[in-house]
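Quick look at structure_9.csv (CSV, C-alpha atoms):
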```csv
chain,number,residue,atom,x,y,z
A,210,MET,CA,0.0,0.0,0.0
A,211,VAL,CA,1.4,3.4,-1.0
A,212,VAL,CA,0.7,6.2,1.4
A,213,LYS,CA,0.5,9.6,-0.3
A,214,LEU,CA,2.2,12.2,1.9
A,215,SER,CA,0.8,15.6,2.2
A,216,PRO,CA,2.8,18.5,0.7
A,217,ILE,CA,4.5,21.0,3.0
A,218,VAL,CA,2.9,24.0,1.3
A,219,SER,CA,-0.4,24.4,-0.5
A,220,ILE,CA,-0.4,27.3,-3.0
A,221,LEU,CA,-4.0,28.5,-3.7
A,222,ILE,CA,-4.7,30.5,-6.9
A,223,ALA,CA,-8.0,32.2,-7.5
A,224,ASN,CA,-8.8,32.8,-11.1
A,225,TYR,CA,-11.6,34.4,-13.0
A,226,ASN,CA,-11.2,35.4,-16.7
A,227,CYS,CA,-7.5,36.0,-16.3
A,228,ALA,CA,-6.1,34.0,-19.2
A,229,GLU,CA,-4.0,36.9,-20.3
A,230,PHE,CA,-1.8,36.7,-17.2
A,231,LEU,CA,-2.3,33.1,-16.1
A,232,CYS,CA,0.8,31.6,-17.6
A,233,THR,CA,3.0,34.1,-15.8
A,234,ALA,CA,1.4,33.2,-12.5
A,235,LEU,CA,1.7,29.4,-13.1
A,236,ASP,CA,5.2,29.6,-14.5
A,237,SER,CA,6.3,31.4,-11.4
A,238,VAL,CA,4.9,28.6,-9.2
A,239,ALA,CA,6.5,25.9,-11.3
A,240,ALA,CA,9.9,27.7,-11.0
A,241,GLN,CA,9.9,27.8,-7.2
A,242,THR,CA,13.2,26.7,-5.7
A,243,PHE,CA,11.0,25.1,-2.9
A,244,ARG,CA,9.7,22.0,-4.6
A,245,ASP,CA,7.4,20.3,-2.0
A,246,PHE,CA,4.1,22.0,-2.8
A,247,GLU,CA,0.7,21.5,-4.3
A,248,CYS,CA,-0.9,24.2,-6.4
A,249,ILE,CA,-4.7,24.3,-6.3
A,250,ILE,CA,-6.2,26.6,-9.0
A,251,VAL,CA,-9.8,27.4,-8.3
A,252,ASP,CA,-11.6,28.8,-11.4
A,253,ASP,CA,-14.7,30.9,-10.8
A,254,ALA,CA,-16.6,29.9,-14.0
A,255,SER,CA,-14.4,31.8,-16.4
A,256,ILE,CA,-15.7,32.3,-19.9
A,257,ASP,CA,-12.2,33.0,-21.5
A,258,ASN,CA,-9.7,30.2,-22.3
A,259,SER,CA,-8.4,30.0,-18.7
A,260,ILE,CA,-9.5,26.4,-18.3
A,261,ASP,CA,-7.5,25.2,-21.3
A,262,ILE,CA,-4.4,26.9,-20.0
A,263,ILE,CA,-4.8,25.4,-16.5
A,264,LYS,CA,-5.3,21.9,-17.9
A,265,LYS,CA,-2.0,22.1,-19.7
A,266,TYR,CA,-0.2,22.7,-16.4
A,267,VAL,CA,-2.2,20.0,-14.6
A,268,LYS,CA,-1.3,17.5,-17.3
A,269,ARG,CA,2.4,18.6,-17.2
A,270,ASP,CA,2.9,18.7,-13.5
A,271,LYS,CA,1.1,16.4,-11.0
A,272,ARG,CA,1.5,19.1,-8.3
A,273,PHE,CA,-1.0,21.3,-10.1
A,274,HIS,CA,-4.8,20.7,-9.5
A,275,LEU,CA,-7.9,22.3,-11.0
A,276,ILE,CA,-11.2,22.9,-9.2
A,277,GLN,CA,-14.0,24.6,-11.2
A,278,HIS,CA,-17.0,26.5,-9.9
A,279,LYS,CA,-20.1,25.9,-12.0
A,280,THR,CA,-21.3,29.5,-11.4
A,281,ASN,CA,-19.5,32.7,-10.6
A,282,ARG,CA,-19.4,33.1,-6.8
A,283,GLY,CA,-16.8,35.7,-6.1
A,284,LEU,CA,-13.2,35.9,-4.8
A,285,ALA,CA,-14.1,35.0,-1.2
A,286,ALA,CA,-15.9,31.9,-2.1
A,287,VAL,CA,-13.1,30.8,-4.5
A,288,ARG,CA,-10.5,31.1,-1.8
A,289,ASN,CA,-12.7,29.3,0.7
A,290,THR,CA,-12.9,26.4,-1.8
A,291,GLY,CA,-9.2,26.3,-2.0
A,292,LEU,CA,-8.8,26.4,1.7
A,293,ASP,CA,-11.2,23.5,2.1
A,294,ALA,CA,-9.2,21.4,-0.4
A,295,ALA,CA,-5.7,22.3,0.8
A,296,ARG,CA,-3.6,19.5,2.5
A,297,GLY,CA,-0.3,21.4,3.2
A,298,GLU,CA,1.2,22.2,6.6
A,299,TYR,CA,1.4,25.8,5.3
A,300,ILE,CA,-0.9,27.9,3.0
A,301,ALA,CA,0.2,30.5,0.4
A,302,PHE,CA,-2.1,32.6,-1.8
A,303,LEU,CA,-1.5,33.9,-5.3
A,304,ASP,CA,-3.7,36.0,-7.5
A,305,SER,CA,-3.8,34.9,-11.1
A,306,ASP,CA,-2.5,38.2,-12.4
A,307,ASP,CA,0.5,38.3,-10.0
A,308,ALA,CA,3.6,36.1,-9.8
A,309,PHE,CA,6.0,34.8,-7.1
A,310,THR,CA,9.7,35.5,-7.1
A,311,GLU,CA,11.5,32.3,-7.6
A,312,ASN,CA,12.7,32.1,-3.9
A,313,ALA,CA,9.3,33.2,-2.5
A,314,ILE,CA,8.1,30.0,-0.9
A,315,LYS,CA,11.5,28.9,0.3
A,316,SER,CA,12.2,32.3,1.9
A,317,LEU,CA,8.8,32.4,3.6
A,318,TYR,CA,9.0,28.8,4.7
A,319,MET,CA,12.5,28.8,6.0
A,320,ASN,CA,11.9,32.0,8.0
A,321,ALA,CA,8.6,30.6,9.4
A,322,LYS,CA,10.5,27.5,10.6
A,323,MET,CA,13.4,29.4,12.1
A,324,TYR,CA,11.2,31.8,14.0
A,325,ASN,CA,8.3,29.3,14.6
A,326,ALA,CA,6.0,31.9,13.1
A,327,ASP,CA,2.3,31.2,12.5
A,328,ILE,CA,2.1,33.9,9.8
A,329,THR,CA,5.1,35.2,7.8
A,330,GLY,CA,4.9,38.2,5.5
A,331,GLY,CA,7.3,39.4,2.8
A,332,ALA,CA,7.5,42.4,0.5
A,333,ALA,CA,5.8,42.9,-2.9
A,334,VAL,CA,7.4,44.5,-5.9
A,335,THR,CA,5.0,46.5,-8.2
A,336,VAL,CA,5.3,45.6,-11.9
A,337,PRO,CA,3.6,47.0,-15.0
A,338,SER,CA,0.7,45.3,-16.7
A,339,ASP,CA,2.9,43.8,-19.4
A,340,PHE,CA,5.2,42.1,-16.9
A,341,VAL,CA,6.2,38.5,-17.9
A,342,PHE,CA,7.9,36.1,-15.5
A,343,ILE,CA,11.1,34.6,-16.9
A,344,LYS,CA,12.7,31.7,-15.1
A,345,SER,CA,16.3,32.4,-14.1
A,346,GLU,CA,19.1,30.0,-15.2
A,347,ASN,CA,20.7,30.5,-11.8
A,348,PRO,CA,17.9,30.9,-9.2
A,349,PRO,CA,18.9,32.6,-6.0
A,350,HIS,CA,19.9,30.5,-3.0
A,351,PHE,CA,18.1,31.0,0.3
A,352,THR,CA,19.8,33.5,2.5
A,353,GLN,CA,18.3,34.6,5.8
A,354,VAL,CA,17.3,38.3,5.5
A,355,PRO,CA,16.9,40.6,8.5
A,356,THR,CA,13.5,40.6,10.0
A,357,ILE,CA,11.4,43.8,10.2
A,358,PHE,CA,9.7,42.7,13.3
A,359,PHE,CA,8.0,39.8,15.0
A,360,ILE,CA,5.2,40.0,17.6
A,361,ASP,CA,3.9,37.3,20.0
A,362,ASN,CA,0.2,37.0,20.9
A,363,ASN,CA,-0.8,40.6,20.4
A,364,PRO,CA,-3.2,41.2,17.4
A,365,ALA,CA,-3.4,44.9,18.2
A,366,ALA,CA,0.4,45.3,18.1
A,367,ILE,CA,0.5,43.6,14.8
A,368,LEU,CA,-1.9,46.2,13.3
A,369,VAL,CA,0.0,49.1,14.8
A,370,ASN,CA,3.4,47.8,13.4
A,371,LEU,CA,2.0,47.0,10.0
A,372,SER,CA,0.7,50.6,9.7
A,373,ARG,CA,4.2,51.9,10.1
A,374,VAL,CA,6.0,49.7,7.5
A,375,HIS,CA,6.5,50.4,3.8
A,376,PRO,CA,3.5,50.0,1.5
A,377,SER,CA,5.2,46.9,0.0
A,378,HIS,CA,4.2,45.2,3.2
A,379,LYS,CA,0.5,46.3,3.0
A,380,LEU,CA,-1.7,45.0,5.8
A,381,PRO,CA,-4.6,43.4,3.8
A,382,TRP,CA,-2.7,41.5,1.2
A,383,VAL,CA,-3.0,37.8,1.9
A,384,TRP,CA,-0.9,36.8,-1.1
A,385,ARG,CA,2.4,38.0,0.3
A,386,ARG,CA,2.2,35.8,3.3
A,387,LEU,CA,2.7,32.2,4.4
A,388,PHE,CA,0.2,30.8,6.9
A,389,LYS,CA,0.5,27.9,9.2
A,390,ARG,CA,-2.6,25.9,8.3
A,391,LYS,CA,-3.4,25.2,12.0
A,392,THR,CA,-3.6,28.9,12.6
A,393,ILE,CA,-6.3,29.5,10.0
A,394,GLU,CA,-8.0,26.1,10.3
A,395,THR,CA,-11.4,27.7,11.2
A,396,THR,CA,-10.8,31.1,9.5
A,397,ARG,CA,-12.6,31.7,6.2
A,398,PHE,CA,-13.1,34.7,3.9
A,399,ASP,CA,-16.4,36.5,4.5
A,400,GLU,CA,-18.4,35.9,1.4
A,401,ALA,CA,-20.8,38.8,2.2
A,402,VAL,CA,-17.9,41.2,1.7
A,403,LYS,CA,-17.9,41.3,-2.1
A,404,GLN,CA,-15.7,43.3,-4.5
A,405,GLN,CA,-13.0,44.5,-2.0
A,406,ASN,CA,-11.9,44.1,1.7
A,407,GLU,CA,-12.2,40.3,1.7
A,408,ASP,CA,-8.4,40.2,2.5
A,409,LEU,CA,-8.7,42.8,5.3
A,410,CYS,CA,-11.5,40.9,7.1
A,411,PHE,CA,-9.6,37.6,6.7
A,412,MET,CA,-6.4,39.1,8.1
A,413,LEU,CA,-8.1,40.6,11.1
A,414,ASP,CA,-9.7,37.3,11.9
A,415,ALA,CA,-6.4,35.4,11.4
A,416,PHE,CA,-4.4,37.7,13.7
A,417,LEU,CA,-6.7,36.6,16.6
A,418,ASN,CA,-5.3,33.1,16.4
A,419,THR,CA,-1.7,34.0,15.7
A,420,GLY,CA,0.9,33.1,18.3
A,421,ARG,CA,3.8,34.7,16.5
A,422,TYR,CA,3.6,37.1,13.5
A,423,LEU,CA,6.8,37.7,11.4
A,424,GLU,CA,7.6,40.3,8.8
A,425,ILE,CA,10.8,39.9,6.6
A,426,ASN,CA,12.5,42.2,4.1
A,427,ASP,CA,12.7,39.7,1.3
A,428,SER,CA,10.7,40.4,-1.9
A,429,VAL,CA,8.4,37.5,-2.5
A,430,MET,CA,5.8,38.8,-4.9
A,431,TYR,CA,5.5,40.6,-8.3
A,432,HIS,CA,2.2,42.6,-7.9
A,433,ARG,CA,0.9,43.6,-11.3
A,434,ILE,CA,-0.9,46.9,-11.9
A,435,ASN,CA,-3.8,45.5,-13.8
A,436,LYS,CA,-6.4,47.9,-15.2
A,437,ASN,CA,-9.0,45.2,-15.3
A,438,SER,CA,-8.8,44.3,-11.6
A,439,ILE,CA,-11.1,46.0,-9.1
A,440,THR,CA,-8.3,48.1,-7.6
A,441,GLY,CA,-6.8,49.0,-10.9
A,442,SER,CA,-10.0,49.8,-12.8
A,443,PRO,CA,-11.6,53.3,-13.0
A,444,PHE,CA,-13.7,54.3,-10.0
A,445,GLY,CA,-17.1,52.7,-10.0
A,446,GLN,CA,-19.7,50.9,-7.8
A,447,SER,CA,-17.2,48.1,-7.0
A,448,HIS,CA,-15.2,50.6,-5.0
A,449,PHE,CA,-17.9,51.3,-2.4
A,450,LEU,CA,-20.5,48.4,-2.5
A,451,HIS,CA,-18.4,46.5,0.0
A,452,PHE,CA,-18.7,49.0,2.9
A,453,PRO,CA,-21.9,47.8,4.6
A,454,ALA,CA,-20.7,44.2,4.8
A,455,THR,CA,-17.2,45.2,5.9
A,456,LEU,CA,-18.6,47.4,8.6
A,457,ARG,CA,-20.8,44.6,9.9
A,458,HIS,CA,-17.6,42.4,10.0
A,459,LEU,CA,-15.7,45.0,11.9
A,460,TYR,CA,-18.6,45.3,14.4
A,461,GLY,CA,-18.2,41.7,15.2
A,462,LEU,CA,-14.5,42.3,16.1
A,463,ARG,CA,-15.2,44.9,18.7
A,464,GLY,CA,-13.9,43.8,22.1
A,465,LYS,CA,-11.2,41.7,20.3
A,466,TYR,CA,-9.3,44.8,19.1
A,467,PRO,CA,-9.3,48.3,20.5
A,468,GLU,CA,-12.3,50.0,18.9
A,469,ASN,CA,-10.2,53.1,18.0
A,470,LEU,CA,-7.7,50.9,16.1
A,471,LEU,CA,-10.5,49.2,14.1
A,472,TYR,CA,-12.4,52.3,13.1
A,473,LYS,CA,-10.3,55.5,13.1
A,474,GLY,CA,-8.5,55.0,9.9
A,475,TYR,CA,-11.3,52.9,8.2
A,476,MET,CA,-14.0,55.5,8.8
A,477,GLN,CA,-11.8,58.2,7.1
A,478,TYR,CA,-11.3,55.8,4.2
A,479,MET,CA,-15.0,55.2,4.0
A,480,PHE,CA,-15.9,58.9,4.1
A,481,ASN,CA,-13.3,59.8,1.4
A,482,THR,CA,-14.5,57.0,-0.9
A,483,VAL,CA,-18.2,57.0,-0.4
A,484,VAL,CA,-18.7,60.8,-0.1
A,485,ILE,CA,-15.8,62.7,-1.6
A,486,THR,CA,-14.7,60.5,-4.5
A,487,ALA,CA,-18.2,59.1,-5.3
A,488,LEU,CA,-19.6,62.7,-5.6
A,489,LYS,CA,-16.7,63.8,-7.8
A,490,LYS,CA,-17.1,60.7,-10.1
A,491,GLY,CA,-20.9,61.1,-10.3
A,492,TYR,CA,-21.9,58.1,-8.1
A,493,GLY,CA,-23.3,60.1,-5.2
A,494,ASP,CA,-26.9,58.8,-5.3
A,495,ILE,CA,-26.0,55.1,-5.5
A,496,ALA,CA,-23.3,55.5,-2.9
A,497,ALA,CA,-25.8,57.1,-0.5
A,498,ARG,CA,-28.4,54.3,-1.2
A,499,THR,CA,-25.6,51.8,-0.5
A,500,MET,CA,-24.7,53.3,2.9
A,501,ARG,CA,-28.4,53.5,4.0
A,502,ARG,CA,-28.1,49.8,4.7
A,503,VAL,CA,-26.0,50.6,7.8
A,504,TYR,CA,-26.9,54.3,8.4
A,505,ARG,CA,-28.4,54.9,11.9
A,506,THR,CA,-27.2,51.4,13.0
A,507,PRO,CA,-24.4,50.4,15.4
A,508,TYR,CA,-22.4,49.2,12.5
A,509,LEU,CA,-21.6,52.8,11.4
A,510,PRO,CA,-19.8,54.6,14.2
A,511,LEU,CA,-19.9,58.2,13.0
A,512,LYS,CA,-18.1,59.4,16.2
A,513,TYR,CA,-14.9,58.6,14.3
A,514,LEU,CA,-15.6,61.4,11.8
A,515,SER,CA,-15.1,65.1,12.6
A,516,LYS,CA,-18.1,67.3,13.3
A,517,LYS,CA,-17.7,68.8,9.9
A,518,GLN,CA,-17.6,65.4,8.3
A,519,ARG,CA,-20.6,64.3,10.2
A,520,LEU,CA,-22.6,67.2,9.0
A,521,ILE,CA,-21.5,66.6,5.4
A,522,PHE,CA,-22.4,62.9,5.8
A,523,TRP,CA,-25.9,63.8,7.2
A,524,LEU,CA,-26.5,66.0,4.1
A,525,PHE,CA,-25.2,63.3,1.9
A,526,MET,CA,-27.4,60.6,3.4
A,527,HIS,CA,-30.5,62.7,3.2
A,528,SER,CA,-29.9,63.3,-0.6
A,529,LEU,CA,-29.3,67.0,-0.2
A,530,ILE,CA,-26.0,66.7,-2.0
A,531,PRO,CA,-25.8,63.7,-4.3
A,532,SER,CA,-28.6,64.8,-6.7
A,533,ARG,CA,-26.5,67.7,-7.8
A,534,TYR,CA,-23.7,65.3,-8.8
A,535,ALA,CA,-25.8,62.7,-10.7
A,536,ARG,CA,-23.7,60.5,-13.0
A,537,LYS,CA,-24.1,61.7,-16.6
A,538,LYS,CA,-25.3,59.1,-19.0
```

Whole structure, C-alpha cells version:
Amino acid sequence: MVVKLSPIVSILIANYNCAEFLCTALDSVAAQTFRDFECIIVDDASIDNSIDIIKKYVKRDKRFHLIQHKTNRGLAAVRNTGLDAARGEYIAFLDSDDAFTENAIKSLYMNAKMYNADITGGAAVTVPSDFVFIKSENPPHFTQVPTIFFIDNNPAAILVNLSRVHPSHKLPWVWRRLFKRKTIETTRFDEAVKQQNEDLCFMLDAFLNTGRYLEINDSVMYHRINKNSITGSPFGQSHFLHFPATLRHLYGLRGKYPENLLYKGYMQYMFNTVVITALKKGYGDIAARTMRRVYRTPYLPLKYLSKKQRLIFWLFMHSLIPSRYARKK
C-alpha cells in the first residue's frame, strides 16, 4: 500500500477570466526553488480560455490541480474552496494576475520555521501590466534576510506595526504571506464582503489566532498593476459596494481589538471614498443608497468622523448633496 504524503505547502490560486496573465502566475509557481508543494487553482466559472491553460499545467505537473466552480461566486468563495481542499502544513495565496519571485516560498517557509511563526509576511514588488515572468538560469539560494519585526500573541500590536512599515508590506494583502494551516483552520473569507476588503477581514480574523507574527524584508511577490482588476479599474460601484458588509464584519470584532484601532482610519477611508470620491465621479446617489443599509445602526460609528464630516455625511445621506452630482449618462 502506497501512502500519499501531504505536501508541506499548499499554494492557492483564485482565477476568473485572467487568461491573459495566467501563464506568468503558473510559471512562477513551477519555477519555485522550494519543490514540496501542491498548487490548487480554483476557477470561478471563467468564460475565456483559462481552463484550457490550466489543464496544460495540470497535465504537465502532478502538483497542479484544478477545481472549477459551475457558477461565478466571487473571490471570497473561490479562496474558501481552495482552503477546504488544501492539504499542506502551510498555505500561500497567489492572485492569477500576479507572480511569485523564484525564492518566495522557500524564503517564507525557512523563516517561518526558524522563528516558529504562524504567519510570515514578505514584500511585494510592483510591476507594470505587461510584466512577464522569466525563469532564471541560476535561481537565488536561500539567505536569511533581516526581520522587520516579530510579535507574539498581540493582534493589536501587529496592526500598529504594519501601519508603520513600507506599502510593499501592506496589511490586507494575503498573497504576500505564508500561513501555518493550523492557525487558519477555522478562518474563512467573509463571502458577504464582495468586491473588496475580503483580505482585510480575513487578516483581522487570522491575527486573533496568531501566536507569532513575522515580517521579513525579502521580496516574494510581483504585484501587477492590472487595469482590469477591481483596484486597478476606473472608479465605479465596485469601489464602495463592500462598505456595509465590511462594517458589519468590523462590528463583530469589537472587544477583540481596541475600537479606535479598528475604526479611526477605516471611517476616514469610508468617508473619502463614499462621499468625496463618489460625488466627484458622479456616483453620489447610488453610494448614498448603499450606505443606507447601515446608516443609523451600530455598524456605522460616526463618532470617528469630525463634526464637519458628520454634517456633510448627514446632508449626503439625506440626498441633499448627491442629486447635484448625478452621473451623466

If you count all atoms listed in the file, which residues fall within 6 Å of segment 305-320 of chain A, apart from same-chain ones fewer than 4 positions away, as number ranges by chain? A: 224, 230-231, 234, 237, 240-243, 429-433

Selection file, C-alpha atoms, as a compact mmCIF listing (two decimals), in the frame of the given file:
```
# COMPACT_ATOMS: atom_id res chain seq x y z
CA ASN A 224 -8.80 32.80 -11.10
CA PHE A 230 -1.80 36.70 -17.20
CA LEU A 231 -2.30 33.10 -16.10
CA ALA A 234 1.40 33.20 -12.50
CA SER A 237 6.30 31.40 -11.40
CA ALA A 240 9.90 27.70 -11.00
CA GLN A 241 9.90 27.80 -7.20
CA THR A 242 13.20 26.70 -5.70
CA PHE A 243 11.00 25.10 -2.90
CA VAL A 429 8.40 37.50 -2.50
CA MET A 430 5.80 38.80 -4.90
CA TYR A 431 5.50 40.60 -8.30
CA HIS A 432 2.20 42.60 -7.90
CA ARG A 433 0.90 43.60 -11.30
```

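Nearest to Val336 of chain A of all the residues A:His458, A:Phe246, A:Asn435, A:Met476 is A:Asn435, based on all atoms listed in the file.
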
Would you pick out the contacts of Lys389 of chain A at 12 Å or less, using all atoms listed in the file, so that residues sharing its chain but fewer than 6 positions from it are not included, and give the list as an MDAnalysis selection string? chainID A and resid 217:219 295:301 317:318 321:322 325:330 396 415:416 418:423

For segment 252-263 of chain A, work out the shell of residues within 12 Å, counting all atoms listed in the file and skipping chain neighbours fewer than 6 positions away, then give it as a count of residues only. 40

What's the 12 Å shell around Tyr504 of chain A, counting all atoms listed in the file, without same-chain residues fewer than 5 positions away, as a ChimeraX atom specification? /A:452-453,456-457,496-499,509-511,519,522-523,525-527

I'd like the contact shell of Leu409 of chain A - 9 Å cut-off, all atoms listed in the file, skipping same-chain residues fewer than 4 positions apart - returned as a list in words.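 Skipping anything fewer than 4 positions along the chain leaves Leu380, Pro381, Trp382, Val383, Gln405, Leu413, Asp414 and Thr455 of chain A.
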
Between atom CA of Lys379 of chain A and atom CA of Asp427 of chain A, measure the distance and give it in Å to one decimal.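 Interatomic distance here is 14.0 Å.
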
Record the distance separating atom CA of Ser447 of chain A and atom CA of Asp339 of chain A, expressed in Å with one decimal. 24.0 Å

Could the centre and edge lengths of an axis-aligned box, enclosing all atoms of segment 275-285 of chain A in the file with 8 Å extra on each side, be given in Å to one decimal as AutoDock Vina command-line options?
```
--center_x -14.6 --center_y 29.1 --center_z -6.6 --size_x 29.4 --size_y 29.6 --size_z 26.8
```

Got a minute to add N, CA and C atoms to segment 471-497 of chain A and dump it as a short mmCIF file (atom, residue, chain, number, x, y, z; two decimals), in the coordinates of the input?
```cif
data_model
loop_
_atom_site.label_atom_id
_atom_site.label_comp_id
_atom_site.auth_asym_id
_atom_site.auth_seq_id
_atom_site.Cartn_x
_atom_site.Cartn_y
_atom_site.Cartn_z
N LEU A 471 -9.65 49.79 15.21
CA LEU A 471 -10.50 49.20 14.10
C LEU A 471 -11.05 50.30 13.24
N TYR A 472 -11.52 51.39 13.83
CA TYR A 472 -12.40 52.30 13.10
C TYR A 472 -11.78 53.64 12.68
N LYS A 473 -10.79 54.14 13.41
CA LYS A 473 -10.30 55.50 13.10
C LYS A 473 -9.90 55.71 11.70
N GLY A 474 -9.00 54.88 11.23
CA GLY A 474 -8.50 55.00 9.90
C GLY A 474 -9.58 54.56 8.85
N TYR A 475 -10.31 53.49 9.20
CA TYR A 475 -11.30 52.90 8.20
C TYR A 475 -12.42 53.89 7.97
N MET A 476 -12.90 54.59 8.98
CA MET A 476 -14.00 55.50 8.80
C MET A 476 -13.58 56.71 7.91
N GLN A 477 -12.32 57.13 8.03
CA GLN A 477 -11.80 58.20 7.10
C GLN A 477 -11.77 57.68 5.70
N TYR A 478 -11.32 56.45 5.54
CA TYR A 478 -11.30 55.80 4.20
C TYR A 478 -12.69 55.72 3.63
N MET A 479 -13.65 55.30 4.46
CA MET A 479 -15.00 55.20 4.00
C MET A 479 -15.58 56.56 3.58
N PHE A 480 -15.35 57.59 4.40
CA PHE A 480 -15.90 58.90 4.10
C PHE A 480 -15.26 59.45 2.78
N ASN A 481 -13.95 59.31 2.62
CA ASN A 481 -13.30 59.80 1.40
C ASN A 481 -13.77 59.08 0.16
N THR A 482 -14.03 57.78 0.29
CA THR A 482 -14.50 57.00 -0.90
C THR A 482 -15.93 57.22 -1.20
N VAL A 483 -16.78 57.04 -0.18
CA VAL A 483 -18.20 57.00 -0.40
C VAL A 483 -18.78 58.45 -0.63
N VAL A 484 -18.20 59.44 0.02
CA VAL A 484 -18.70 60.80 -0.10
C VAL A 484 -17.89 61.60 -1.11
N ILE A 485 -16.63 61.82 -0.81
CA ILE A 485 -15.80 62.70 -1.60
C ILE A 485 -15.62 62.19 -3.05
N THR A 486 -15.04 60.99 -3.16
CA THR A 486 -14.70 60.50 -4.50
C THR A 486 -16.00 60.10 -5.26
N ALA A 487 -16.98 59.50 -4.59
CA ALA A 487 -18.20 59.10 -5.30
C ALA A 487 -18.94 60.34 -5.84
N LEU A 488 -18.94 61.44 -5.09
CA LEU A 488 -19.60 62.70 -5.60
C LEU A 488 -18.79 63.21 -6.80
N LYS A 489 -17.48 63.24 -6.69
CA LYS A 489 -16.70 63.80 -7.80
C LYS A 489 -16.85 62.95 -9.07
N LYS A 490 -17.03 61.62 -8.91
CA LYS A 490 -17.10 60.70 -10.10
C LYS A 490 -18.57 60.53 -10.53
N GLY A 491 -19.54 61.19 -9.85
CA GLY A 491 -20.90 61.10 -10.30
C GLY A 491 -21.69 59.89 -9.78
N TYR A 492 -21.21 59.30 -8.68
CA TYR A 492 -21.90 58.10 -8.10
C TYR A 492 -22.53 58.43 -6.77
N GLY A 493 -22.81 59.70 -6.50
CA GLY A 493 -23.30 60.10 -5.20
C GLY A 493 -24.60 59.41 -4.80
N ASP A 494 -25.58 59.36 -5.69
CA ASP A 494 -26.90 58.80 -5.30
C ASP A 494 -26.78 57.31 -4.98
N ILE A 495 -26.10 56.53 -5.81
CA ILE A 495 -26.00 55.10 -5.50
C ILE A 495 -25.14 54.82 -4.32
N ALA A 496 -24.13 55.66 -4.08
CA ALA A 496 -23.30 55.50 -2.90
C ALA A 496 -24.12 55.77 -1.64
N ALA A 497 -24.97 56.81 -1.68
CA ALA A 497 -25.80 57.10 -0.50
C ALA A 497 -26.82 55.99 -0.29
#
```
